[in-house]
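Everything below concerns the one structure shown next.
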Amino acid sequence: MKSFIPTLLFLIFLTGGIQAQERKVLNLQSNWKFMEGSSENAFQKELDDESWETVEIPHDWAISKPFDEDGDGNTGKLPWKGEAWYRLKIQIPEKDAGQRFVLLADGIMAFPEIYVNGNLVGKWDYGYNSFYIDITKAILPGVENTIAIHVDTRKHQSRWYPGAGIYRKIQLLTLNPIHLKIWGTKITTPIIKKHYSDVRIASTIQNTSSSETKLRIVQSILNKEKQPVTSKEMQFDLAANSEKTIEQTITLSYPTLWDTENPYLYAVKTQVFQNEVLIDESSSNFGVRTFRFTADNGLYLNNKRIQLQGVNLHHDFGPLGSAFNKRAAQRQLEIMKNMGVNAIRNSHNVAAPEMLDLCDEMGLLFLDEAFDKYTDTIDLLEETDFEEYAARNVRNWIERDRNHPCVFLWSVGNEIPDVQWNINNGFQRLNTMLSYVKKYDESRPTTLVCDSYESAKLRHFDYYDVHSWNYGRRYRLARELEPNKSVIISESASTVSTRGFYELPLPKQKTDFTNSLQVSSYDLNAPEWAEIADDDFMWQQEENYIAGEFVWTGFDYLGEPTPYTNQAVKAMGFTDQKAARSSYFGIVDLVGIPKDRFYLYKSYWKPKETTVHILPHWNWEESKYQEIPVFVYTNGDCAELFLNGKSLGMRCKNPKASNSVERFRLIWDSVPYQPGELKAIAYKEGKVIGESQLKTAGKAYQLRLTPDRSKIAADGDDLSYILIEALDKDGNLCPLADDKIELKLNGPGKIAGVGNGNPQSLDSFRASSIRLFYGKAMLIIRSTNERGKITIEASAEKLKSAQTKIETK
């Protein structure tokens with residue numbers, strides 16, 4: 001795409017809601033008409049689209065479709081490539097004549113073309129970035145208007161499942177001709193002391209009218225309870241058809257700092273008055289905090305050393321696909337925080353704005369990354385002007401995200417070979433991206449995520465501030481050549497495993513993968529280019545200059561099914577049908593059920609919280625398995641293992657071990673298998689801190705339903721995740737159960753998705769049944785706009801059924 005039509009404006013993000021006397025924001029969520037495929041007339045105002053499917057936004061058109069057995073596992077074996085049309089009819093009040101109308105989209109995958117009443121009003125390319133378009137000239141107040149959006153993913157390339165369609169929210173903004181630029185306020189805190197902080201606020205006001213005007217701007221700082229603390233105002237003139245940035249510095253006395261333990265949020269409310277009449281108002285959250293990277297001691301937050309305990313998260317939500325849902329994102333972050341995570345890296349694209357809102361609110365640091373490769377994976381085509389692409393995409397990204405206190409580092413790309421090796425002006429393109437970042441935010445450091453060890457000799461790190469390297473201590477050469485910069489392990493581990501699956505004997509090499517097409521949950525396997533979790537723990541213990549790590553990945557995600565990609569399974573003698581459709585990398589599975597690795601990370605990242613976790617399960621065929629390796633993950637120093645009341649001895653961690661596993665796990669190599677009970681008692685500094693038991697389960701007898709939330713909002717968007725489990729008569733989990741579960745629902749709710757964490761499953765995510773996978777599965781319920789009680793029943797042949805209720809309020 002060589003150019004964009006003049007009506008295209010740029011997105012600037014301001015956290016917090018948009019509220020003002022003259023500003024109206026309409027969330028265009030319902031009553032969209034959708035048609036997959038091409039159409040010559042779909043852009044026209046008058047078109048009979050009654051036969052089209054009715055959908056709600058956000059919408060991912062591919063996630064509900066059948067899997068392609070022979071498809072590409074790297075992108076989830078789902079039919080995301082294609083084109084489609086969305087149409088919406090909307091009434092614009094006559095009283096809004098003379099206002100400005102702006103269409104704002106958080107993300108459309110990909111290459112959207114937007115029409116209003118048959119007129120092309122704007123285009124965009126990058127499917128992960130946000131943008132907005134002034135559609136005023138095409139709007140007809142007082143009558144019904146038609147918005148038509150053409151979406152085309154055929155030119156988009158991806159290394160994972162990208163989804164397809166209007167997969168994030170889209171809004172219509174109605175503005176006074178004189179207004180604050182959309183999300184156009186920049187907030188920084190250049191001076192922070194215990195007794196005061198200077199808050200610098202720069203707001204851009206646009207005058208799209210043909211008259212010069214006198215204005216008054218009032219900027220107020222609100223506390224966490226949204227009560228005003230202090231304010232400042234200024235009067236100014238604004239010429240016709242122009243814009244002006246007004247900057248004021250307000251002193252905030254004795255500020256409460258934002259940090260990971262107490263994520264305190266202030267807000268700036270900006271009001272614009274004309275002739276003493278309020279004509280526009282907007283609000284933006286911000287936090288008062290300092291970040292400081294040091295060469296030898298990593299990262300400091302508010303002058304306190306903090307080790308990054310981070311994970312990478314892709315943008316999909318498993319059975320929900322890429323359609324953004326705030327509760328789904330919140331749940332992901334809650335699960336990660338429970339494990340000890342304090343930082344998120346959004347790999348490798350601009351995140352939904354709500355994700356940053358959540359990190360602000362929950363006290364999670366955010367490594368904000370905009371791009372993968374500088375290719376068609378970011379919808380940068382050969383004919384696209386790189387400079388022009390960078391200018392508008394970086395501007396949107398930075399101005400949208402820069403007020404978020406959680407953001408501590410900007411990343412302009414991930415594992416880009418030609419940039420690291422300075423091929424085809426790679427360093428020049430790197431410098432272009434970084435220059436635009438600094439143009440719009442000078443307050444934070446920058447980085448490029450690297451993986452080509454020897455490329456450090458070319459010193460690409462001279463262009464950015466922090467060394468960020470993926471896997472295998474590849475940061476060593478860059479650190480040696482430039483020791484005055486801190487180091488982040490931007491992707492660590494890439495350990496692979498399947499929840500609930502155990503395979504014997506244990507692998508001798510990390511790359512010992514079998515024809516089972518699953519990966520043992522003993523957590524000893526990783527691809528050739530990666531490592532197990534314990535290695536990264538050890539390297540950080542030994543090298544204090546490392547600021548921390550971001551594990552690949554927190555959750556399993558659709559696509560990238562290493563080690564069982566199409567290429568790999570064919571090399572093993574299988575066909576494409578045996579390639580998996582989702583990853584094995586996650587610390588938790590695709591539906592959010594923790595794998596054993598969850599407890600390994602928790603035991604190390606949360607040393608003050610008791611963790612005692614035993615693996616594997618204790619349901620083995622006695623004739624086939626005589627001895628079973630048993631692992632215990634604990635925050636304790638030692639543990640004693642018992643089998644049916646008999647001690648199998650004490651094991652203690654060895655903090656000096658060169659074998660990383662010996663530092664962080666307790667292992668009994670050969671436990672004689674006997675059905676019954678395994679029990680581990682953990683000790684710390686000689687004192688008992690906790691215990692855990694595993695029992696041999698009997699035959700599956702009953703089902704159990706456990707919702708993560710029993711009360712949800714009746715807003716048509718809220719979710720409850722209901723864990724389905726098979727138990728024996730005594731209530732023990734049946735770890736090998738694979739029964740097919742039938743689901744019935746009554747009341748004001750609907751099934752949003754089902755899943756079980758099996759990377760090999762090609763069963764639909766949109767179904768009223770689900771097969772257990774190693775004893776567990778997940779049902780996702782979405783509310784409607786009605787209040788009431790949702791009754792869910794799960795049943796299976798020969799098993800006692802289970803019920804639960806969800807209240808919508």
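By order in the structure tokens, chains are A, B, ...; within a chain, residues start at 1; ligands start at 1, following the order shown.
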Spatial neighbours of region 402-416 of chain A, 8 Å, only C-alpha atoms, chain gap at least 4 places, as a VMD selection string: chain A and resid 13 to 15 186 to 188 258 284 to 289 291 348 356 to 357 359 to 360 363 to 374 398 420 430 433 to 434 437 441 444 to 452
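Backbone DSSP over region 482-573 of chain A gives helix (DSSP H, G or I) for Ala533, Asp534, Asp535, Asp536, Phe537, Met538, Trp539, Gln540, Gln541, Glu542, Asn566, Gln567, Ala568, Val569, Lys570 and Ala571 of chain A.
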DSSP strand (DSSP E or B) selection over region 2-244 of chain A, as a ChimeraX atom specification: /A:8-9,24-27,32-36,53-55,83-91,100-105,109,113-116,119-123,131-134,144-152,165,170-175,178-192,196-207,213-222,228-238,242-244
Using C-alpha atoms, can you export the residues from the last selection as a CSV table (one decimal), in the first residue's frame?
chain,number,residue,atom,x,y,z
A,8,LEU,CA,-7.1,9.1,7.6
A,9,LEU,CA,-6.0,10.5,11.0
A,24,LYS,CA,-20.3,11.4,22.9
A,25,VAL,CA,-18.8,7.9,22.5
A,26,LEU,CA,-20.9,5.1,21.0
A,27,ASN,CA,-19.6,1.6,21.2
A,32,TRP,CA,-23.5,-5.8,12.6
A,33,LYS,CA,-24.2,-7.7,9.4
A,34,PHE,CA,-21.4,-10.0,8.2
A,35,MET,CA,-20.6,-11.8,5.0
A,36,GLU,CA,-17.4,-13.8,4.3
A,53,GLU,CA,-25.2,-13.2,9.5
A,54,THR,CA,-25.7,-10.9,12.5
A,55,VAL,CA,-22.6,-10.6,14.6
A,83,GLU,CA,-11.9,-11.4,2.8
A,84,ALA,CA,-15.1,-10.3,4.3
A,85,TRP,CA,-17.6,-7.5,4.7
A,86,TYR,CA,-19.1,-5.9,7.8
A,87,ARG,CA,-22.1,-3.5,7.6
A,88,LEU,CA,-23.9,-1.5,10.2
A,89,LYS,CA,-26.8,0.9,10.0
A,90,ILE,CA,-26.9,3.7,12.5
A,91,GLN,CA,-29.1,6.7,13.1
A,100,ARG,CA,-17.4,16.2,14.0
A,101,PHE,CA,-17.7,12.4,13.6
A,102,VAL,CA,-14.7,10.1,14.1
A,103,LEU,CA,-14.6,6.3,13.7
A,104,LEU,CA,-12.1,4.7,16.0
A,105,ALA,CA,-10.9,1.1,15.8
A,109,MET,CA,-7.3,-7.8,10.9
A,113,GLU,CA,-11.2,-0.2,3.9
A,114,ILE,CA,-14.0,1.9,5.5
A,115,TYR,CA,-17.0,3.2,3.6
A,116,VAL,CA,-19.7,5.5,5.0
A,119,ASN,CA,-18.1,6.8,0.2
A,120,LEU,CA,-14.6,5.5,0.9
A,121,VAL,CA,-13.4,7.5,3.9
A,122,GLY,CA,-10.2,5.7,4.9
A,123,LYS,CA,-7.9,2.7,4.8
A,131,PHE,CA,-6.4,4.0,14.1
A,132,TYR,CA,-9.1,6.5,13.6
A,133,ILE,CA,-10.7,8.3,10.7
A,134,ASP,CA,-12.7,11.5,10.5
A,144,GLU,CA,-30.0,6.4,8.8
A,145,ASN,CA,-26.3,6.0,7.9
A,146,THR,CA,-24.5,2.9,6.7
A,147,ILE,CA,-21.0,2.0,7.7
A,148,ALA,CA,-19.4,-0.8,5.5
A,149,ILE,CA,-15.9,-2.2,6.3
A,150,HIS,CA,-14.0,-4.5,3.9
A,151,VAL,CA,-11.4,-6.7,5.6
A,152,ASP,CA,-8.8,-8.7,3.8
A,165,GLY,CA,-12.0,-9.5,11.2
A,170,ILE,CA,-14.8,0.0,17.3
A,171,GLN,CA,-16.4,3.3,18.4
A,172,LEU,CA,-18.1,6.3,16.9
A,173,LEU,CA,-17.1,9.6,18.5
A,174,THR,CA,-19.2,12.8,18.2
A,175,LEU,CA,-17.2,15.9,18.9
A,178,ILE,CA,-13.3,22.6,18.8
A,179,HIS,CA,-12.1,19.6,20.8
A,180,LEU,CA,-9.3,17.9,22.5
A,181,LYS,CA,-7.4,15.8,20.0
A,182,ILE,CA,-8.6,12.2,20.3
A,183,TRP,CA,-6.7,10.9,23.3
A,184,GLY,CA,-4.3,13.8,22.8
A,185,THR,CA,-3.0,14.4,26.3
A,186,LYS,CA,0.6,13.5,27.3
A,187,ILE,CA,1.4,13.2,31.0
A,188,THR,CA,4.9,12.9,32.5
A,189,THR,CA,6.3,13.3,36.0
A,190,PRO,CA,9.8,14.8,35.5
A,191,ILE,CA,10.4,15.5,39.2
A,192,ILE,CA,9.4,13.0,41.9
A,196,TYR,CA,6.0,16.4,45.9
A,197,SER,CA,5.9,15.5,42.2
A,198,ASP,CA,5.7,17.8,39.3
A,199,VAL,CA,3.1,16.5,36.8
A,200,ARG,CA,3.7,17.9,33.3
A,201,ILE,CA,0.5,17.8,31.2
A,202,ALA,CA,0.4,18.7,27.5
A,203,SER,CA,-2.9,18.7,25.7
A,204,THR,CA,-3.6,19.3,22.1
A,205,ILE,CA,-6.7,21.2,21.1
A,206,GLN,CA,-8.0,21.2,17.5
A,207,ASN,CA,-10.2,23.9,16.0
A,213,THR,CA,-11.7,31.6,19.1
A,214,LYS,CA,-10.7,32.3,22.7
A,215,LEU,CA,-10.6,29.2,25.0
A,216,ARG,CA,-9.9,28.3,28.6
A,217,ILE,CA,-8.4,25.0,29.5
A,218,VAL,CA,-8.7,23.5,33.0
A,219,GLN,CA,-6.5,20.5,34.0
A,220,SER,CA,-7.3,18.8,37.3
A,221,ILE,CA,-5.6,15.9,39.0
A,222,LEU,CA,-7.9,13.4,40.6
A,228,PRO,CA,-10.0,16.5,42.7
A,229,VAL,CA,-6.7,17.1,44.4
A,230,THR,CA,-5.3,20.2,42.6
A,231,SER,CA,-5.8,22.0,39.3
A,232,LYS,CA,-4.5,24.7,37.0
A,233,GLU,CA,-6.0,26.6,34.1
A,234,MET,CA,-4.9,28.8,31.2
A,235,GLN,CA,-6.6,31.0,28.6
A,236,PHE,CA,-5.4,31.1,25.0
A,237,ASP,CA,-6.4,31.9,21.4
A,238,LEU,CA,-6.8,29.3,18.8
A,242,SER,CA,-5.5,24.8,13.4
A,243,GLU,CA,-4.4,23.0,16.6
A,244,LYS,CA,-2.3,24.1,19.6
Non-local contacts of region 675-678 of chain A (9 Å; only C-alpha atoms; under 2 positions in same chain excluded) as number ranges by chain: A: 614, 618-620, 622, 641-645, 673, 680, 692-697
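A straight line drawn from CA of Glu742 (chain A) to CA of Gly586 (chain A) is 27.4 Å long.
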Closest of A:Asp669, A:Asp512, A:Asp68, A:Glu491 to Ala533 (chain A) - atom-to-atom distances counting only C-alpha atoms: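 Closest to Ala533 (chain A) of all the choices is A:Glu491.
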Pick from A:Asp728, A:Asp739, A:Glu69, A:Glu786 nearest to Leu772 (chain A), counting only C-alpha atoms: A:Asp739
Residue contacts of Thr514 (chain A) (10 Å, only C-alpha atoms) excluding same-chain residues fewer than 2 positions away, as number ranges by chain: A: 503, 507, 511-512, 516-520, 563-564, 572
Selection above as a file: N, CA, C and O atoms, as a PDB file, in the first residue's frame:
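Resulting contents of again36.pdb:
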ATOM      1  N   GLU A 503       5.332 -39.466  30.385  1.00  0.00           N
ATOM      2  CA  GLU A 503       5.875 -40.518  29.531  1.00  0.00           C
ATOM      3  C   GLU A 503       7.197 -41.005  30.123  1.00  0.00           C
ATOM      4  O   GLU A 503       8.042 -40.200  30.548  1.00  0.00           O
ATOM      5  N   PRO A 507      13.308 -38.312  29.449  1.00  0.00           N
ATOM      6  CA  PRO A 507      14.189 -38.024  28.312  1.00  0.00           C
ATOM      7  C   PRO A 507      15.647 -37.864  28.756  1.00  0.00           C
ATOM      8  O   PRO A 507      15.930 -37.268  29.795  1.00  0.00           O
ATOM      9  N   THR A 511      15.668 -32.655  23.712  1.00  0.00           N
ATOM     10  CA  THR A 511      14.993 -32.764  22.418  1.00  0.00           C
ATOM     11  C   THR A 511      14.476 -34.173  22.124  1.00  0.00           C
ATOM     12  O   THR A 511      14.131 -34.480  20.978  1.00  0.00           O
ATOM     13  N   ASP A 512      14.397 -35.024  23.133  1.00  0.00           N
ATOM     14  CA  ASP A 512      13.862 -36.368  22.946  1.00  0.00           C
ATOM     15  C   ASP A 512      12.334 -36.302  22.885  1.00  0.00           C
ATOM     16  O   ASP A 512      11.640 -36.339  23.909  1.00  0.00           O
ATOM     17  N   SER A 516       4.295 -40.087  20.376  1.00  0.00           N
ATOM     18  CA  SER A 516       3.038 -39.897  21.108  1.00  0.00           C
ATOM     19  C   SER A 516       2.311 -38.633  20.659  1.00  0.00           C
ATOM     20  O   SER A 516       1.115 -38.487  20.883  1.00  0.00           O
ATOM     21  N   LEU A 517       3.061 -37.690  20.062  1.00  0.00           N
ATOM     22  CA  LEU A 517       2.541 -36.384  19.634  1.00  0.00           C
ATOM     23  C   LEU A 517       2.107 -35.512  20.812  1.00  0.00           C
ATOM     24  O   LEU A 517       1.435 -34.506  20.646  1.00  0.00           O
ATOM     25  N   GLN A 518       2.503 -35.906  22.005  1.00  0.00           N
ATOM     26  CA  GLN A 518       2.369 -35.087  23.207  1.00  0.00           C
ATOM     27  C   GLN A 518       3.746 -34.998  23.868  1.00  0.00           C
ATOM     28  O   GLN A 518       4.661 -35.751  23.504  1.00  0.00           O
ATOM     29  N   VAL A 519       3.893 -34.077  24.826  1.00  0.00           N
ATOM     30  CA  VAL A 519       5.190 -33.875  25.477  1.00  0.00           C
ATOM     31  C   VAL A 519       5.021 -34.061  26.975  1.00  0.00           C
ATOM     32  O   VAL A 519       4.130 -33.471  27.597  1.00  0.00           O
ATOM     33  N   SER A 520       5.886 -34.864  27.547  1.00  0.00           N
ATOM     34  CA  SER A 520       5.771 -35.243  28.945  1.00  0.00           C
ATOM     35  C   SER A 520       5.831 -34.035  29.878  1.00  0.00           C
ATOM     36  O   SER A 520       6.647 -33.128  29.717  1.00  0.00           O
ATOM     37  N   PRO A 563       6.912 -29.222  19.432  1.00  0.00           N
ATOM     38  CA  PRO A 563       7.754 -29.830  18.393  1.00  0.00           C
ATOM     39  C   PRO A 563       6.981 -30.589  17.313  1.00  0.00           C
ATOM     40  O   PRO A 563       7.596 -31.308  16.528  1.00  0.00           O
ATOM     41  N   TYR A 564       5.661 -30.436  17.267  1.00  0.00           N
ATOM     42  CA  TYR A 564       4.865 -31.227  16.334  1.00  0.00           C
ATOM     43  C   TYR A 564       4.246 -30.344  15.255  1.00  0.00           C
ATOM     44  O   TYR A 564       3.030 -30.299  15.067  1.00  0.00           O
ATOM     45  N   MET A 572       8.756 -37.433  10.830  1.00  0.00           N
ATOM     46  CA  MET A 572       8.579 -38.607  11.680  1.00  0.00           C
ATOM     47  C   MET A 572       7.802 -39.708  10.968  1.00  0.00           C
ATOM     48  O   MET A 572       7.584 -40.777  11.538  1.00  0.00           O
TER      49      MET A 572
END
Near-Asp296 (chain A) list (12 Å; only C-alpha atoms; drop same-chain fewer than 6 positions) as a list in words: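 Near neighbours after the sequence-gap exclusion: Arg305, Arg479, Glu482, Pro483, Asn484, Lys485, Ser486, Val487, Ile488, Glu543, Asn544, Tyr545, Ile546 and Ala547 of chain A.
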Go ahead and dump the residues you just picked, N, CA and C atoms, as a PDB file, in the first residue's frame.
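In the end it all went to selection_15.pdb:
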ATOM      1  N   ARG A 305      15.314  -2.257  43.818  1.00  0.00           N
ATOM      2  CA  ARG A 305      15.643  -3.302  42.851  1.00  0.00           C
ATOM      3  C   ARG A 305      14.449  -4.238  42.694  1.00  0.00           C
ATOM      4  N   ARG A 479      26.783  -8.283  25.999  1.00  0.00           N
ATOM      5  CA  ARG A 479      27.177  -7.800  27.324  1.00  0.00           C
ATOM      6  C   ARG A 479      28.678  -7.575  27.395  1.00  0.00           C
ATOM      7  N   GLU A 482      29.415  -4.423  25.234  1.00  0.00           N
ATOM      8  CA  GLU A 482      28.843  -3.214  25.827  1.00  0.00           C
ATOM      9  C   GLU A 482      28.332  -3.534  27.226  1.00  0.00           C
ATOM     10  N   PRO A 483      29.248  -3.483  28.217  1.00  0.00           N
ATOM     11  CA  PRO A 483      28.872  -3.851  29.587  1.00  0.00           C
ATOM     12  C   PRO A 483      28.137  -2.751  30.345  1.00  0.00           C
ATOM     13  N   ASN A 484      27.935  -1.612  29.717  1.00  0.00           N
ATOM     14  CA  ASN A 484      27.291  -0.491  30.403  1.00  0.00           C
ATOM     15  C   ASN A 484      25.786  -0.454  30.207  1.00  0.00           C
ATOM     16  N   LYS A 485      25.229  -1.530  29.674  1.00  0.00           N
ATOM     17  CA  LYS A 485      23.789  -1.623  29.510  1.00  0.00           C
ATOM     18  C   LYS A 485      23.255  -2.861  30.224  1.00  0.00           C
ATOM     19  N   SER A 486      22.049  -2.720  30.754  1.00  0.00           N
ATOM     20  CA  SER A 486      21.411  -3.842  31.441  1.00  0.00           C
ATOM     21  C   SER A 486      20.954  -4.889  30.435  1.00  0.00           C
ATOM     22  N   VAL A 487      20.648  -6.081  30.943  1.00  0.00           N
ATOM     23  CA  VAL A 487      20.250  -7.220  30.115  1.00  0.00           C
ATOM     24  C   VAL A 487      18.897  -7.744  30.570  1.00  0.00           C
ATOM     25  N   ILE A 488      18.021  -8.002  29.598  1.00  0.00           N
ATOM     26  CA  ILE A 488      16.765  -8.706  29.849  1.00  0.00           C
ATOM     27  C   ILE A 488      16.752  -9.981  29.020  1.00  0.00           C
ATOM     28  N   GLU A 543      24.256 -14.283  37.564  1.00  0.00           N
ATOM     29  CA  GLU A 543      24.589 -13.045  36.849  1.00  0.00           C
ATOM     30  C   GLU A 543      23.624 -11.942  37.272  1.00  0.00           C
ATOM     31  N   ASN A 544      24.021 -11.188  38.276  1.00  0.00           N
ATOM     32  CA  ASN A 544      23.129 -10.226  38.914  1.00  0.00           C
ATOM     33  C   ASN A 544      22.756  -9.074  38.003  1.00  0.00           C
ATOM     34  N   TYR A 545      23.517  -8.858  36.940  1.00  0.00           N
ATOM     35  CA  TYR A 545      23.206  -7.748  36.042  1.00  0.00           C
ATOM     36  C   TYR A 545      21.947  -8.017  35.202  1.00  0.00           C
ATOM     37  N   ILE A 546      21.481  -9.257  35.162  1.00  0.00           N
ATOM     38  CA  ILE A 546      20.283  -9.583  34.391  1.00  0.00           C
ATOM     39  C   ILE A 546      19.062  -9.014  35.125  1.00  0.00           C
ATOM     40  N   ALA A 547      18.315  -8.186  34.413  1.00  0.00           N
ATOM     41  CA  ALA A 547      17.160  -7.536  35.034  1.00  0.00           C
ATOM     42  C   ALA A 547      15.991  -8.492  35.234  1.00  0.00           C
TER      43      ALA A 547
END
Shell around region 592-599 of chain A at 8 Å using only C-alpha atoms, local window under 2 positions removed, as a list of chain:residue names: A:Gln332, A:Ile335, A:Met339, A:Ser497, A:Thr498, A:Arg499, A:Gly500, A:Ser521, A:Tyr522, A:Asp523, A:Phe555, A:Ile587, A:Val588, A:Asp589, A:Leu590, A:Tyr601, A:Lys602, A:Ser603, A:Thr611, A:His613, A:Leu615, A:Tyr633, A:Thr634, A:Gly757
Kindly save the residues from that selection, with C-alpha atoms included, as a compact mmCIF listing (two decimals), in the first residue's frame.
# COMPACT_ATOMS: atom_id res chain seq x y z
CA GLN A 332 -5.10 -14.54 32.19
CA ILE A 335 -3.60 -16.63 36.86
CA MET A 339 2.08 -17.75 39.94
CA SER A 497 4.78 -30.00 27.88
CA THR A 498 1.24 -31.34 27.72
CA ARG A 499 -0.89 -30.90 30.80
CA GLY A 500 -1.54 -34.22 32.55
CA SER A 521 4.87 -32.96 31.84
CA TYR A 522 8.03 -33.84 33.74
CA ASP A 523 9.21 -30.48 32.34
CA PHE A 555 -0.41 -19.49 28.22
CA ILE A 587 2.96 -22.71 31.69
CA VAL A 588 -0.81 -23.18 31.67
CA ASP A 589 -2.76 -24.83 28.88
CA LEU A 590 -4.92 -23.21 26.20
CA TYR A 601 7.66 -21.15 38.77
CA LYS A 602 5.46 -20.35 41.74
CA SER A 603 7.81 -22.13 44.14
CA THR A 611 3.88 -24.44 47.56
CA HIS A 613 3.24 -29.94 44.44
CA LEU A 615 3.99 -35.10 40.09
CA TYR A 633 8.05 -28.55 43.48
CA THR A 634 8.20 -26.53 46.68
CA GLY A 757 -5.99 -28.09 26.50
